[in-house]
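For reference, my_file-v5.csv (CSV, C-alpha atoms):
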chain,number,residue,atom,x,y,z
R,1,MET,CA,130.9,-24.0,19.6
R,2,ARG,CA,129.8,-27.2,21.2
R,3,THR,CA,127.0,-25.4,22.7
R,4,ARG,CA,125.9,-24.0,19.4
R,5,ALA,CA,126.4,-27.3,17.8
R,6,GLY,CA,124.5,-29.0,20.5
R,7,LEU,CA,121.8,-26.4,20.2
R,8,ALA,CA,121.7,-26.7,16.5
R,9,GLY,CA,121.6,-30.5,16.8
R,10,ALA,CA,118.8,-30.3,19.2
R,11,ALA,CA,117.0,-28.0,16.9
R,12,VAL,CA,117.5,-30.3,14.0
R,13,LEU,CA,116.4,-33.1,16.1
R,14,THR,CA,113.5,-31.2,17.3
R,15,VAL,CA,112.5,-30.2,13.8
R,16,THR,CA,113.2,-33.7,12.5
R,17,GLY,CA,111.2,-35.2,15.2
R,18,VAL,CA,108.3,-32.8,14.6
R,19,VAL,CA,108.5,-33.4,10.9
R,20,GLY,CA,108.8,-37.1,11.5
R,21,ALA,CA,105.9,-37.1,13.8
R,22,ALA,CA,103.8,-35.2,11.4
R,23,ALA,CA,104.8,-37.3,8.4
R,24,THR,CA,104.5,-40.7,10.1
R,25,PRO,CA,100.9,-41.3,9.1
R,26,ALA,CA,101.6,-40.5,5.5
R,27,ILE,CA,104.9,-42.2,5.1
R,28,ALA,CA,104.7,-45.0,7.5
R,29,ALA,CA,106.9,-47.9,6.6
R,30,PRO,CA,105.3,-51.2,5.6
R,31,GLY,CA,106.3,-52.8,8.8
R,32,GLU,CA,105.0,-50.1,11.0
R,33,GLY,CA,101.3,-49.0,10.2
R,34,SER,CA,100.0,-51.5,7.6
R,35,GLY,CA,99.1,-54.2,10.2
R,36,THR,CA,96.7,-51.9,12.0
R,37,TYR,CA,95.0,-50.9,8.7
R,38,ALA,CA,94.6,-54.4,7.5
R,39,LEU,CA,93.1,-55.4,10.8
R,40,GLY,CA,90.6,-52.5,10.6
R,41,PHE,CA,89.7,-53.5,7.1
R,42,VAL,CA,89.0,-57.1,8.1
R,43,GLN,CA,87.0,-56.0,11.1
R,44,ALA,CA,84.9,-53.7,8.8
R,45,MET,CA,84.3,-56.5,6.4
R,46,ALA,CA,83.3,-58.8,9.2
R,47,VAL,CA,80.8,-56.3,10.5
R,48,GLY,CA,79.5,-55.8,7.0
R,49,ASP,CA,79.0,-59.6,6.6
R,50,THR,CA,77.2,-59.9,9.9
R,51,ILE,CA,74.8,-57.1,8.9
R,52,ALA,CA,74.2,-58.8,5.6
R,53,ASP,CA,73.5,-62.1,7.3
R,54,ASP,CA,71.1,-60.5,9.7
R,55,VAL,CA,69.2,-58.8,6.8
R,56,ARG,CA,69.0,-62.1,4.9
R,57,ALA,CA,67.9,-63.9,8.1
R,58,GLN,CA,65.2,-61.3,8.7
R,59,ALA,CA,64.1,-61.6,5.1
R,60,ARG,CA,63.8,-65.3,5.3
R,61,ALA,CA,61.9,-65.1,8.6
R,62,GLN,CA,59.5,-62.6,7.0
R,63,GLN,CA,59.1,-64.8,4.0
R,64,ARG,CA,58.3,-67.8,6.3
R,65,VAL,CA,55.7,-65.7,8.2
R,66,ALA,CA,54.2,-64.6,4.9
R,67,ASP,CA,54.2,-68.2,3.6
R,68,ALA,CA,52.5,-69.4,6.8
R,69,ALA,CA,49.9,-66.7,6.6
R,70,GLU,CA,49.2,-67.5,3.0
R,71,GLU,CA,48.9,-71.2,3.9
R,72,ARG,CA,46.5,-70.4,6.7
R,73,ALA,CA,44.5,-68.2,4.4
R,74,ALA,CA,44.4,-71.0,1.7
R,75,GLU,CA,43.3,-73.5,4.4
R,76,GLU,CA,40.5,-71.1,5.6
R,77,ARG,CA,39.3,-70.6,2.0
R,78,ALA,CA,39.3,-74.3,1.4
R,79,ALA,CA,37.4,-74.9,4.7
R,80,GLU,CA,34.9,-72.2,3.8
R,81,LYS,CA,34.4,-73.9,0.4
R,82,ARG,CA,33.9,-77.3,2.1
R,83,GLU,CA,31.4,-75.8,4.5
R,84,VAL,CA,29.4,-74.2,1.8
R,85,ALA,CA,29.5,-77.5,-0.2
R,86,GLU,CA,28.4,-79.5,2.8
R,87,GLU,CA,25.6,-77.1,3.6
R,88,ARG,CA,24.4,-77.3,0.0
R,89,ALA,CA,24.6,-81.1,0.1
R,90,ALA,CA,22.8,-81.2,3.4
R,91,ARG,CA,20.0,-78.9,2.1
R,92,ALA,CA,19.7,-81.0,-1.1
R,93,ALA,CA,19.6,-84.2,1.0
R,94,LYS,CA,17.0,-82.7,3.3
R,95,ALA,CA,14.9,-81.6,0.3
R,96,VAL,CA,15.0,-85.1,-1.1
R,97,GLN,CA,14.0,-86.6,2.2
R,98,GLU,CA,11.2,-84.1,2.6
R,99,ARG,CA,9.9,-84.9,-0.9
R,100,GLU,CA,10.2,-88.6,-0.3
R,101,ALA,CA,8.4,-88.2,3.1
R,102,ALA,CA,5.7,-86.2,1.4
R,103,GLN,CA,5.3,-88.8,-1.3
R,104,GLU,CA,5.1,-91.5,1.3
R,105,ARG,CA,2.5,-89.6,3.2
R,106,ARG,CA,0.4,-89.1,0.1
R,107,ALA,CA,0.8,-92.8,-0.8
R,108,ALA,CA,-0.2,-93.8,2.7
R,109,GLU,CA,-3.2,-91.5,2.6
R,110,LYS,CA,-4.2,-92.9,-0.7
R,111,ARG,CA,-3.9,-96.5,0.5
R,112,ALA,CA,-5.9,-95.6,3.6
R,113,ASN,CA,-8.6,-93.9,1.6
R,114,GLU,CA,-8.7,-96.8,-0.9
R,115,ARG,CA,-8.9,-99.3,2.0
R,116,ALA,CA,-11.6,-97.3,3.7
R,117,ASP,CA,-13.6,-97.3,0.5
R,118,ARG,CA,-13.1,-101.0,0.1
R,119,SER,CA,-14.0,-101.6,3.7
R,120,ALA,CA,-17.2,-99.6,3.3
R,121,GLU,CA,-18.1,-101.6,0.2
R,122,ARG,CA,-17.4,-104.9,1.9
R,123,ARG,CA,-19.2,-104.0,5.0
R,124,SER,CA,-22.3,-103.4,3.0
R,125,VAL,CA,-22.0,-106.8,1.5
R,126,THR,CA,-20.5,-109.1,4.2
R,127,GLY,CA,-20.7,-107.0,7.3
R,128,TYR,CA,-17.0,-107.5,7.9
R,129,VAL,CA,-14.2,-104.9,8.0
R,130,ASP,CA,-10.5,-104.6,9.0
R,131,PRO,CA,-10.0,-104.0,12.8
R,132,VAL,CA,-8.0,-100.8,12.3
R,133,ALA,CA,-9.0,-98.7,9.4
R,134,GLY,CA,-6.4,-98.0,6.7
R,135,VAL,CA,-3.4,-99.5,8.6
R,136,ASP,CA,-1.1,-102.1,7.0
R,137,THR,CA,-0.1,-105.1,9.1
R,138,THR,CA,3.5,-105.7,10.2
R,139,THR,CA,4.4,-108.8,12.2
R,140,ALA,CA,3.1,-111.8,10.2
R,141,TYR,CA,1.2,-114.8,11.5
R,142,LYS,CA,3.5,-117.5,12.8
R,143,GLN,CA,6.5,-115.3,12.5
R,144,ALA,CA,9.3,-116.8,14.7
R,145,GLY,CA,10.8,-114.9,17.6
R,146,ALA,CA,11.8,-115.0,21.3
R,147,SER,CA,9.1,-112.4,22.1
R,148,TRP,CA,6.4,-115.0,22.2
R,149,SER,CA,6.2,-117.9,24.7
R,150,SER,CA,5.3,-120.3,22.0
R,151,GLY,CA,8.3,-119.1,19.9
R,152,LYS,CA,5.9,-117.9,17.1
R,153,HIS,CA,3.5,-115.1,16.6
R,154,SER,CA,-0.1,-116.2,17.1
R,155,GLY,CA,-1.7,-113.3,15.2
R,156,ILE,CA,-1.0,-110.2,13.1
R,157,ASP,CA,-0.1,-106.7,14.2
R,158,PHE,CA,-1.6,-103.4,13.2
R,159,PRO,CA,0.8,-100.6,14.2
R,160,ALA,CA,-1.0,-97.4,15.1
R,161,GLY,CA,-0.9,-94.6,17.6
R,162,THR,CA,-2.3,-95.0,21.1
R,163,GLY,CA,-6.0,-94.1,21.1
R,164,THR,CA,-6.6,-95.1,17.4
R,165,PRO,CA,-10.1,-96.7,17.2
R,166,VAL,CA,-10.3,-100.5,17.2
R,167,ARG,CA,-13.5,-102.0,15.7
R,168,SER,CA,-15.1,-105.4,15.6
R,169,VAL,CA,-14.3,-107.1,12.3
R,170,GLY,CA,-17.8,-108.5,12.1
R,171,PRO,CA,-21.1,-109.0,13.9
R,172,GLY,CA,-21.1,-111.1,17.1
R,173,THR,CA,-21.2,-111.2,20.9
R,174,VAL,CA,-18.5,-110.0,23.3
R,175,VAL,CA,-17.2,-113.0,25.3
R,176,THR,CA,-14.3,-111.5,27.3
R,177,VAL,CA,-13.2,-108.0,28.3
R,178,GLY,CA,-10.3,-107.3,30.6
R,179,TRP,CA,-6.8,-108.1,31.5
R,180,GLY,CA,-5.2,-110.9,29.5
R,181,GLY,CA,-1.7,-111.2,31.0
R,182,ALA,CA,0.9,-110.8,28.3
R,183,TYR,CA,-1.9,-109.6,26.0
R,184,GLY,CA,-2.7,-106.7,28.3
R,185,ASN,CA,-6.2,-105.3,28.0
R,186,GLN,CA,-8.1,-107.5,25.5
R,187,ILE,CA,-11.5,-108.2,24.0
R,188,VAL,CA,-12.6,-111.6,22.6
R,189,ILE,CA,-15.7,-111.7,20.4
R,190,ARG,CA,-17.6,-114.8,19.1
R,191,HIS,CA,-19.0,-114.1,15.6
R,192,ASP,CA,-22.2,-115.4,14.1
R,193,ASP,CA,-20.2,-117.9,12.0
R,194,GLY,CA,-18.9,-119.6,15.2
R,195,LYS,CA,-15.4,-118.2,15.0
R,196,TYR,CA,-13.7,-115.9,17.5
R,197,THR,CA,-11.5,-112.8,17.2
R,198,GLN,CA,-9.2,-111.3,19.8
R,199,TYR,CA,-8.1,-107.7,20.1
R,200,ALA,CA,-5.1,-107.2,22.5
R,201,HIS,CA,-2.8,-104.5,24.1
R,202,LEU,CA,-5.7,-102.1,24.2
R,203,SER,CA,-5.4,-98.7,25.9
R,204,ALA,CA,-9.2,-98.6,26.5
R,205,THR,CA,-12.3,-100.8,26.0
R,206,ARG,CA,-15.8,-99.6,25.1
R,207,VAL,CA,-17.9,-102.8,25.4
R,208,SER,CA,-18.8,-105.4,28.1
R,209,ALA,CA,-19.2,-109.1,28.1
R,210,GLY,CA,-22.4,-110.4,26.6
R,211,GLN,CA,-22.9,-107.3,24.5
R,212,LYS,CA,-23.9,-107.6,20.8
R,213,VAL,CA,-21.7,-105.7,18.3
R,214,ASP,CA,-21.9,-105.0,14.6
R,215,GLY,CA,-19.1,-105.2,12.1
R,216,GLY,CA,-17.2,-101.9,12.1
R,217,GLN,CA,-18.5,-100.9,15.6
R,218,ARG,CA,-15.8,-99.3,17.7
R,219,ILE,CA,-15.0,-101.6,20.7
R,220,GLY,CA,-11.8,-100.0,22.1
R,221,ALA,CA,-8.5,-98.2,21.3
R,222,VAL,CA,-5.0,-99.1,20.3
R,223,GLY,CA,-2.5,-99.2,23.2
R,224,SER,CA,0.7,-100.9,24.4
R,225,THR,CA,-0.4,-102.8,27.5
R,226,GLY,CA,0.9,-106.2,28.5
R,227,ASN,CA,3.9,-107.6,26.7
R,228,SER,CA,4.3,-104.9,24.0
R,229,THR,CA,7.2,-102.9,22.6
R,230,GLY,CA,5.0,-100.1,21.3
R,231,PRO,CA,1.4,-99.1,20.5
R,232,HIS,CA,-0.3,-101.6,18.1
R,233,LEU,CA,-3.2,-103.9,17.9
R,234,HIS,CA,-2.5,-107.6,18.2
R,235,PHE,CA,-5.3,-109.4,16.3
R,236,GLU,CA,-6.1,-113.1,16.3
R,237,ALA,CA,-8.6,-115.4,14.7
R,238,ARG,CA,-9.5,-118.4,16.8
R,239,ASN,CA,-11.6,-121.5,16.7
R,240,GLY,CA,-12.3,-121.1,20.4
R,241,ALA,CA,-12.3,-118.3,23.0
R,242,HIS,CA,-8.9,-119.1,24.5
R,243,TYR,CA,-5.2,-119.0,23.7
R,244,GLY,CA,-3.9,-121.8,21.5
R,245,SER,CA,-6.9,-122.2,19.2
R,246,ASP,CA,-5.6,-119.6,16.7
R,247,PHE,CA,-5.6,-119.9,12.9
R,248,ASN,CA,-4.5,-117.6,10.1
R,249,PRO,CA,-6.4,-114.3,10.6
R,250,VAL,CA,-5.4,-113.1,7.1
R,251,THR,CA,-7.1,-116.1,5.6
R,252,TYR,CA,-10.2,-115.6,7.9
R,253,LEU,CA,-10.6,-112.0,6.9
R,254,ALA,CA,-9.9,-112.7,3.2
R,255,GLY,CA,-12.8,-115.2,3.3
R,256,LYS,CA,-15.0,-112.3,4.5
R,257,GLY,CA,-13.8,-110.1,1.6
R,258,VAL,CA,-11.4,-108.1,3.8
R,259,ASP,CA,-7.9,-107.5,2.5
R,260,VAL,CA,-5.2,-106.7,5.2

I need this file expressed as structure tokens, please.
Amino acid sequence: MRTRAGLAGAAVLTVTGVVGAAATPAIAAPGEGSGTYALGFVQAMAVGDTIADDVRAQARAQQRVADAAEERAAEERAAEKREVAEERAARAAKAVQEREAAQERRAAEKRANERADRSAERRSVTGYVDPVAGVDTTTAYKQAGASWSSGKHSGIDFPAGTGTPVRSVGPGTVVTVGWGGAYGNQIVIRHDDGKYTQYAHLSATRVSAGQKVDGGQRIGAVGSTGNSTGPHLHFEARNGAHYGSDFNPVTYLAGKGVDV
């Protein structure tokens, strides 16, 4: 009987154990399986939050990249607009400069032609002309400056390119031809009225001492010899042949009907 009971009890136990084992997942007591489930749920939520954070971070990074690209594109468009505007402004300024330069050239040509006409008229009456045809003077007579040993300019200047013809202002006789120190290559002429004129910084001379010349006759060419900062004719009117006897050459020429 004990054996049977023992066997029966073992069978019951076996069955109960099997049943219990099979039923455990479905009827687990609160203190037994709920902890594992809760931990799994929390872990799943944590993984979900991490993925969501990564997605949001990627979205923000992509937005920053897109914003930076748009900003660069906007800057490039603005730079292109500025470049176009600057090019237009430069072309407009260049066009204005070219028009002004052309106007100045035309005005200079007109002045030169008018002066040449006046010189021709005066020459026929007085025999005197300006020393360089159609060129306006720059440095004035007696203008102060450290460039001259006396501290003042002893003549007037006619700026012109090297080789521009230089002519005797009136009839007379050549007194001096040659090197004049600070004056460079020079010519001095004694005119029929007893006054003298000097032509300095010449690049070339075409007369010799003692030679008779007429008003308007070519005697040399503009240069930059001696104490000179650039090609021009230094012209003086003198009471004598030598330095220091100068007087206002503008007044002298005006008295001969020549306007410089």

Please indicate the distance in Å from atom CA of R:Glu236 to atom CA of R:Ala107, rounded to one decimal place.
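For atom CA of R:Glu236 relative to atom CA of R:Ala107, the distance reads 27.4 Å.
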
Residues within 7 Å of stretch 128-132 of chain R, please, as a VMD selection string. Count only C-alpha atoms; anything in the same chain fewer than 2 positions from it doesn't count.
chain R and resid 119 122 to 123 126 134 to 135 158 165 to 170 215 to 216 256 258 260

Can I get the selection written as an mmCIF file, in the coordinates of the input, with C-alpha atoms?
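Written output follows (result_7.cif):
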data_model
loop_
_atom_site.group_PDB
_atom_site.id
_atom_site.type_symbol
_atom_site.label_atom_id
_atom_site.label_comp_id
_atom_site.auth_asym_id
_atom_site.auth_seq_id
_atom_site.Cartn_x
_atom_site.Cartn_y
_atom_site.Cartn_z
ATOM 1 C CA SER R 119 -14.000 -101.600 3.700
ATOM 2 C CA ARG R 122 -17.400 -104.900 1.900
ATOM 3 C CA ARG R 123 -19.200 -104.000 5.000
ATOM 4 C CA THR R 126 -20.500 -109.100 4.200
ATOM 5 C CA GLY R 134 -6.400 -98.000 6.700
ATOM 6 C CA VAL R 135 -3.400 -99.500 8.600
ATOM 7 C CA PHE R 158 -1.600 -103.400 13.200
ATOM 8 C CA PRO R 165 -10.100 -96.700 17.200
ATOM 9 C CA VAL R 166 -10.300 -100.500 17.200
ATOM 10 C CA ARG R 167 -13.500 -102.000 15.700
ATOM 11 C CA SER R 168 -15.100 -105.400 15.600
ATOM 12 C CA VAL R 169 -14.300 -107.100 12.300
ATOM 13 C CA GLY R 170 -17.800 -108.500 12.100
ATOM 14 C CA GLY R 215 -19.100 -105.200 12.100
ATOM 15 C CA GLY R 216 -17.200 -101.900 12.100
ATOM 16 C CA LYS R 256 -15.000 -112.300 4.500
ATOM 17 C CA VAL R 258 -11.400 -108.100 3.800
ATOM 18 C CA VAL R 260 -5.200 -106.700 5.200
#

Shell around R:Pro171 at 7 Å using all atoms listed in the file, local window under 5 positions removed, as a VMD selection string:
chain R and resid 127 191 to 192 213 to 215

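The two atoms in question, atom CA of R:Ala204 and atom CA of R:Lys110, are spaced 28.2 Å apart.
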
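Proximity ranking of R:Asp246, R:Glu80, R:Asp259, R:Asp54 relative to R:Gly155 places R:Asp246 first, based on all atoms listed in the file.
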
Could you work out how far atom CA of R:Ala254 lies from atom CA of R:Gly230, giving the answer in Å with one decimal?
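Interatomic distance, atom CA of R:Gly230 to atom CA of R:Ala254: 26.6 Å.
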
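Nearest residue to R:Phe235, choosing from R:Ala79, R:Leu202, R:Ala68, R:Ala209 and counting all atoms listed in the file: R:Leu202.
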
Go through R:Arg88, R:Ile156, R:Ile51, R:Val175 one by one, measure the shortest atom-to-atom distance of each to R:Gly240 using only C-alpha atoms, and give the residue with the smallest value.
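Among R:Arg88, R:Ile156, R:Ile51, R:Val175, it is R:Val175 that comes nearest to R:Gly240.
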
Anything within 12 Å of (-2.8, -98.2, 28.0): list those residues as a list in words, counting all atoms listed in the file and sticking to the file's coordinates.
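The requested residues, written out, are Gly161, Thr162, Gly163, Thr164, Trp179, Tyr183, Gly184, Asn185, Gln186, Ala200, His201, Leu202, Ser203, Ala204, Thr205, Gly220, Ala221, Val222, Gly223, Ser224, Thr225, Gly226, Asn227, Ser228, Gly230, Pro231, His232 and Leu233 of chain R.
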
Residues within 6 Å of (-16.7, -101.8, 20.4), counting all atoms listed in the file, listed as JSON, numbers by chain:
{"R": [167, 206, 207, 217, 218, 219, 220]}

Those residues with C-alpha atoms, as a short mmCIF file (atom, residue, chain, number, x, y, z; two decimals), keeping the file's coordinate frame please?
data_model
loop_
_atom_site.label_atom_id
_atom_site.label_comp_id
_atom_site.auth_asym_id
_atom_site.auth_seq_id
_atom_site.Cartn_x
_atom_site.Cartn_y
_atom_site.Cartn_z
CA ARG R 167 -13.50 -102.00 15.70
CA ARG R 206 -15.80 -99.60 25.10
CA VAL R 207 -17.90 -102.80 25.40
CA GLN R 217 -18.50 -100.90 15.60
CA ARG R 218 -15.80 -99.30 17.70
CA ILE R 219 -15.00 -101.60 20.70
CA GLY R 220 -11.80 -100.00 22.10
#
